[in-house]
There are 2 protein chains.
Amino acid sequence: MTRKNPERRQELMVAAQQLFYTKGYENTSVNDIIKTVGVSKGAFYHHFDSKTAVLEAIVTQIAEQVVANLQAIIADETLSAIPKWQKVIQISNNWKIERKAELIEANRLMMMDENVLLRHKIQLETRKVVAAEMGKIISQGVDEAVFAVEHVEETAVILMAVISSFNDVIVDLLLNPDQYAVQTAVERLLGAPTGSMPIIDDDTLIAWFDSP
Amino acid sequence: MTRKNPERRQELMVAAQQLFYTKGYENTSVNDIIKTVGVSKGAFYHHFDSKTAVLEAIVTQIAEQVVANLQAIIADETLSAIPKWQKVIQISNNWKIERKAELIEANRLMMMDENVLLRHKIQLETRKVVAAEMGKIISQGVDEAVFAVEHVEETAVILMAVISSFNDVIVDLLLNPDQYAVQTAVERLLGAPTGSMPIIDDDTLIAWFDSP
């Protein structure tokens, strides 16, 4: 068995992700991927069993990146639960604003029927890992008596479903006039004080709607 | 143009649905469908533009059936909002118990990657139509002052997301030990009295776990 080259593996994943986004997952073949990278079929199968295996690897990597962005804040012991939530939201909103054009295009592509499996797997995996991080904030808030939640893990899963509830019909919560309905839902689910858990702020809204 | 035959159309849809469930949507071809029904390709394309068009027609029909089951109860002016919700849940649970074996198998098939588009479209369409019906109960509850909801339509969408939040990982809410987390979430979202909006009752649980 030859040694695996992690750079080649990453190169294949980057090419595959680009092709999935632009041509659609269903319309992309292993041949398309190896042609883009300029390697043989053998080199591909040295790293991945199938096109689905590349998809799974990409999804895992995206989920890891999402969590890495959150973990530093979640672990910050100087922040209490509600400011911690607000910081998570703020960082997530800033991240989206910086990638505005890219996200609008990625979203358009992800809404294609040809990408439903790609989207489904990314959603499932990121929701799962983000829910685990959110569970930590909920626990902390319960300890601090700012949240009233009995079923912490399950509420984290429900919370993710609520936050994502409008994602299938609109570009993003940022473009969603119903953000106050979502904010109310989040506060009620957690038993948090009214107005304490904004999903968006005016600066973010202005930045999103401003021309680049 | 020849006259369209609604019975033939329905026959094609029934055969397609059966094939989608058993072989998977991705693995089913138009040829498989016409072979099952015993008609020509021309006869198929007389009724549907493509395999996707049959899928859309099936999804619309399923959504119509779901709504038809609910509308009689929703329209019942003798029921106030909370008993109406309870009746909707009860009828839905009974419907599932009657089709237990069939639903477990359908769920297993729907969870296959090959059926992700089928599942996605059914979920999107049924959630949309059921949310519209749920919105009517929410409005009624607000009028009766048993619910405290400002954004009725948005809360109905969020409610559907909450109720479906565990569906991707387990067979059904009926098999879900986290049903009390969901019940609490629903009651809090609607500002309803604690304990007023069960998702399941003991009789249903027993019937579900009993051998057939």
# chains A, B, ... in the order shown; residues from 1 in each chain; ligands from 1
call {"tool": "select_by_dssp", "arguments": {"residues": "region 14-146 of chain B", "states": "helix (DSSP H, G or I)", "output": "PyMOL selection string"}}
result
chain B and resi 14-23+30-37+41-47+51-74+81-98+100-110+113-143
call {"tool": "write_last_selection", "arguments": {"atoms": "C-alpha atoms", "output": "mmCIF file, in the first residue's frame"}}
result
data_model
loop_
_atom_site.group_PDB
_atom_site.id
_atom_site.type_symbol
_atom_site.label_atom_id
_atom_site.label_comp_id
_atom_site.auth_asym_id
_atom_site.auth_seq_id
_atom_site.Cartn_x
_atom_site.Cartn_y
_atom_site.Cartn_z
ATOM 1 C CA VAL B 14 -49.713 4.811 -8.242
ATOM 2 C CA ALA B 15 -47.156 2.690 -10.115
ATOM 3 C CA ALA B 16 -44.535 5.452 -9.902
ATOM 4 C CA GLN B 17 -45.086 5.958 -6.179
ATOM 5 C CA GLN B 18 -44.748 2.219 -5.535
ATOM 6 C CA LEU B 19 -41.518 2.102 -7.582
ATOM 7 C CA PHE B 20 -40.093 5.239 -5.928
ATOM 8 C CA TYR B 21 -40.684 3.723 -2.487
ATOM 9 C CA THR B 22 -39.251 0.301 -3.308
ATOM 10 C CA LYS B 23 -36.437 0.944 -5.822
ATOM 11 C CA VAL B 30 -39.747 6.284 -16.923
ATOM 12 C CA ASN B 31 -39.288 2.879 -18.601
ATOM 13 C CA ASP B 32 -39.836 1.110 -15.252
ATOM 14 C CA ILE B 33 -43.077 3.033 -14.783
ATOM 15 C CA ILE B 34 -44.534 2.322 -18.224
ATOM 16 C CA LYS B 35 -43.515 -1.357 -18.003
ATOM 17 C CA THR B 36 -45.390 -1.722 -14.698
ATOM 18 C CA VAL B 37 -48.550 -0.110 -16.067
ATOM 19 C CA LYS B 41 -43.792 5.899 -23.674
ATOM 20 C CA GLY B 42 -46.133 8.165 -25.651
ATOM 21 C CA ALA B 43 -48.950 7.425 -23.207
ATOM 22 C CA PHE B 44 -46.679 8.428 -20.316
ATOM 23 C CA TYR B 45 -45.576 11.690 -21.940
ATOM 24 C CA HIS B 46 -49.197 12.436 -22.789
ATOM 25 C CA HIS B 47 -49.756 12.885 -19.030
ATOM 26 C CA LYS B 51 -40.167 11.723 -14.034
ATOM 27 C CA THR B 52 -39.923 14.896 -11.923
ATOM 28 C CA ALA B 53 -43.414 15.908 -13.082
ATOM 29 C CA VAL B 54 -44.842 12.605 -11.736
ATOM 30 C CA LEU B 55 -43.007 13.239 -8.475
ATOM 31 C CA GLU B 56 -44.546 16.715 -8.203
ATOM 32 C CA ALA B 57 -48.028 15.329 -8.935
ATOM 33 C CA ILE B 58 -47.623 12.606 -6.270
ATOM 34 C CA VAL B 59 -46.396 15.142 -3.725
ATOM 35 C CA THR B 60 -49.323 17.479 -4.438
ATOM 36 C CA GLN B 61 -51.755 14.584 -4.025
ATOM 37 C CA ILE B 62 -50.219 13.498 -0.698
ATOM 38 C CA ALA B 63 -50.375 17.073 0.593
ATOM 39 C CA GLU B 64 -54.042 17.324 -0.482
ATOM 40 C CA GLN B 65 -54.868 14.119 1.384
ATOM 41 C CA VAL B 66 -53.114 15.345 4.539
ATOM 42 C CA VAL B 67 -55.060 18.596 4.456
ATOM 43 C CA ALA B 68 -58.389 16.884 3.706
ATOM 44 C CA ASN B 69 -57.911 14.849 6.917
ATOM 45 C CA LEU B 70 -57.445 18.033 8.924
ATOM 46 C CA GLN B 71 -59.878 20.456 7.331
ATOM 47 C CA ALA B 72 -63.070 18.945 8.715
ATOM 48 C CA ILE B 73 -61.732 19.309 12.278
ATOM 49 C CA ILE B 74 -60.242 22.755 11.725
ATOM 50 C CA ALA B 81 -58.598 25.914 19.961
ATOM 51 C CA ILE B 82 -56.951 23.601 22.504
ATOM 52 C CA PRO B 83 -59.409 20.683 22.161
ATOM 53 C CA LYS B 84 -59.142 21.200 18.397
ATOM 54 C CA TRP B 85 -55.353 20.813 18.546
ATOM 55 C CA GLN B 86 -55.761 17.724 20.726
ATOM 56 C CA LYS B 87 -58.197 16.226 18.222
ATOM 57 C CA VAL B 88 -55.846 16.907 15.313
ATOM 58 C CA ILE B 89 -53.031 15.157 17.194
ATOM 59 C CA GLN B 90 -55.287 12.249 18.164
ATOM 60 C CA ILE B 91 -56.546 11.689 14.618
ATOM 61 C CA SER B 92 -53.013 11.936 13.296
ATOM 62 C CA ASN B 93 -51.761 9.411 15.888
ATOM 63 C CA ASN B 94 -54.626 7.003 15.156
ATOM 64 C CA TRP B 95 -53.958 7.293 11.449
ATOM 65 C CA LYS B 96 -50.324 6.337 12.087
ATOM 66 C CA ILE B 97 -51.187 3.395 14.356
ATOM 67 C CA GLU B 98 -53.522 1.975 11.727
ATOM 68 C CA LYS B 100 -47.861 1.151 11.591
ATOM 69 C CA ALA B 101 -46.074 -1.574 9.602
ATOM 70 C CA GLU B 102 -46.476 0.341 6.346
ATOM 71 C CA LEU B 103 -45.116 3.558 7.878
ATOM 72 C CA ILE B 104 -42.048 1.899 9.400
ATOM 73 C CA GLU B 105 -41.191 0.447 6.000
ATOM 74 C CA ALA B 106 -41.964 3.687 4.124
ATOM 75 C CA ASN B 107 -39.789 5.581 6.596
ATOM 76 C CA ARG B 108 -36.888 3.169 6.131
ATOM 77 C CA LEU B 109 -37.088 3.646 2.364
ATOM 78 C CA MET B 110 -37.482 7.402 2.598
ATOM 79 C CA ASP B 113 -30.014 8.687 -0.063
ATOM 80 C CA GLU B 114 -31.761 7.663 -3.295
ATOM 81 C CA ASN B 115 -35.006 9.111 -1.932
ATOM 82 C CA VAL B 116 -33.754 12.367 -0.520
ATOM 83 C CA LEU B 117 -35.423 14.472 -3.239
ATOM 84 C CA LEU B 118 -38.725 12.610 -2.830
ATOM 85 C CA ARG B 119 -38.594 13.096 0.959
ATOM 86 C CA HIS B 120 -37.568 16.733 0.683
ATOM 87 C CA LYS B 121 -40.439 17.602 -1.653
ATOM 88 C CA ILE B 122 -43.035 15.734 0.404
ATOM 89 C CA GLN B 123 -41.826 17.405 3.618
ATOM 90 C CA LEU B 124 -41.736 20.875 2.089
ATOM 91 C CA GLU B 125 -45.211 20.588 0.587
ATOM 92 C CA THR B 126 -46.937 18.899 3.539
ATOM 93 C CA ARG B 127 -45.321 21.291 6.029
ATOM 94 C CA LYS B 128 -46.525 24.232 3.963
ATOM 95 C CA VAL B 129 -50.140 23.088 3.743
ATOM 96 C CA VAL B 130 -50.275 21.812 7.326
ATOM 97 C CA ALA B 131 -48.726 25.071 8.582
ATOM 98 C CA ALA B 132 -51.551 26.975 6.855
ATOM 99 C CA GLU B 133 -54.131 24.838 8.709
ATOM 100 C CA MET B 134 -52.222 25.160 11.998
ATOM 101 C CA GLY B 135 -52.244 28.929 11.509
ATOM 102 C CA LYS B 136 -56.064 28.800 11.695
ATOM 103 C CA ILE B 137 -55.949 27.020 15.078
ATOM 104 C CA ILE B 138 -53.358 29.514 16.347
ATOM 105 C CA SER B 139 -55.534 32.472 15.276
ATOM 106 C CA GLN B 140 -58.528 30.927 16.988
ATOM 107 C CA GLY B 141 -56.473 30.361 20.180
ATOM 108 C CA VAL B 142 -55.330 33.985 20.118
ATOM 109 C CA ASP B 143 -58.961 35.130 19.758
#
call {"tool": "atom_distance", "arguments": {"atom1": "CA of Glu153 (chain B)", "atom2": "CA of Thr184 (chain A)"}}
result
13.5 Å
call {"tool": "closest_atom_pairs", "arguments": {"of": "chain A", "to": "chain B", "cutoff": "9 Å", "atoms": "only C-alpha atoms", "output": "Markdown table"}}
result
| residue | atom | partner | partner_atom | distance |
| --- | --- | --- | --- | --- |
| A:Asp113 | CA | B:Leu117 | CA | 6.9 |
| A:Glu114 | CA | B:Leu117 | CA | 8.6 |
| A:Val116 | CA | B:Leu117 | CA | 6.1 |
| A:Leu117 | CA | B:Val116 | CA | 6.1 |
| A:His120 | CA | B:Val116 | CA | 7.8 |
| A:Leu124 | CA | B:Asp168 | CA | 8.3 |
| A:Glu150 | CA | B:Ala181 | CA | 7.9 |
| A:His151 | CA | B:Ala181 | CA | 5.9 |
| A:Val152 | CA | B:Ala181 | CA | 8.7 |
| A:Glu154 | CA | B:Ala181 | CA | 6.2 |
| A:Thr155 | CA | B:Ala181 | CA | 6.5 |
| A:Val157 | CA | B:Ser165 | CA | 7.0 |
| A:Ile158 | CA | B:Val162 | CA | 5.6 |
| A:Leu159 | CA | B:Val162 | CA | 8.1 |
| A:Met160 | CA | B:Ser165 | CA | 8.5 |
| A:Ala161 | CA | B:Ala161 | CA | 5.7 |
| A:Val162 | CA | B:Ile158 | CA | 5.6 |
| A:Ile163 | CA | B:Ile158 | CA | 8.5 |
| A:Ser164 | CA | B:Ala161 | CA | 8.3 |
| A:Ser165 | CA | B:Ala161 | CA | 5.8 |
| A:Phe166 | CA | B:Val157 | CA | 7.8 |
| A:Asp168 | CA | B:Leu124 | CA | 8.4 |
| A:Asp178 | CA | B:Glu154 | CA | 6.6 |
| A:Tyr180 | CA | B:His151 | CA | 8.3 |
| A:Ala181 | CA | B:His151 | CA | 5.9 |
| A:Val182 | CA | B:Ile158 | CA | 7.6 |
| A:Thr184 | CA | B:Leu189 | CA | 8.0 |
| A:Ala185 | CA | B:Leu189 | CA | 5.6 |
| A:Val186 | CA | B:Leu189 | CA | 8.5 |
| A:Arg188 | CA | B:Arg188 | CA | 5.7 |
| A:Leu189 | CA | B:Ala185 | CA | 5.6 |
| A:Leu190 | CA | B:Ala185 | CA | 8.8 |
| A:Gly191 | CA | B:Arg188 | CA | 8.3 |
call {"tool": "closest_residue", "arguments": {"among": "A:Leu12, A:Ala75, A:Met111, A:Ala192", "to": "Gly38 (chain A)", "atoms": "only C-alpha atoms"}}
result
A:Leu12
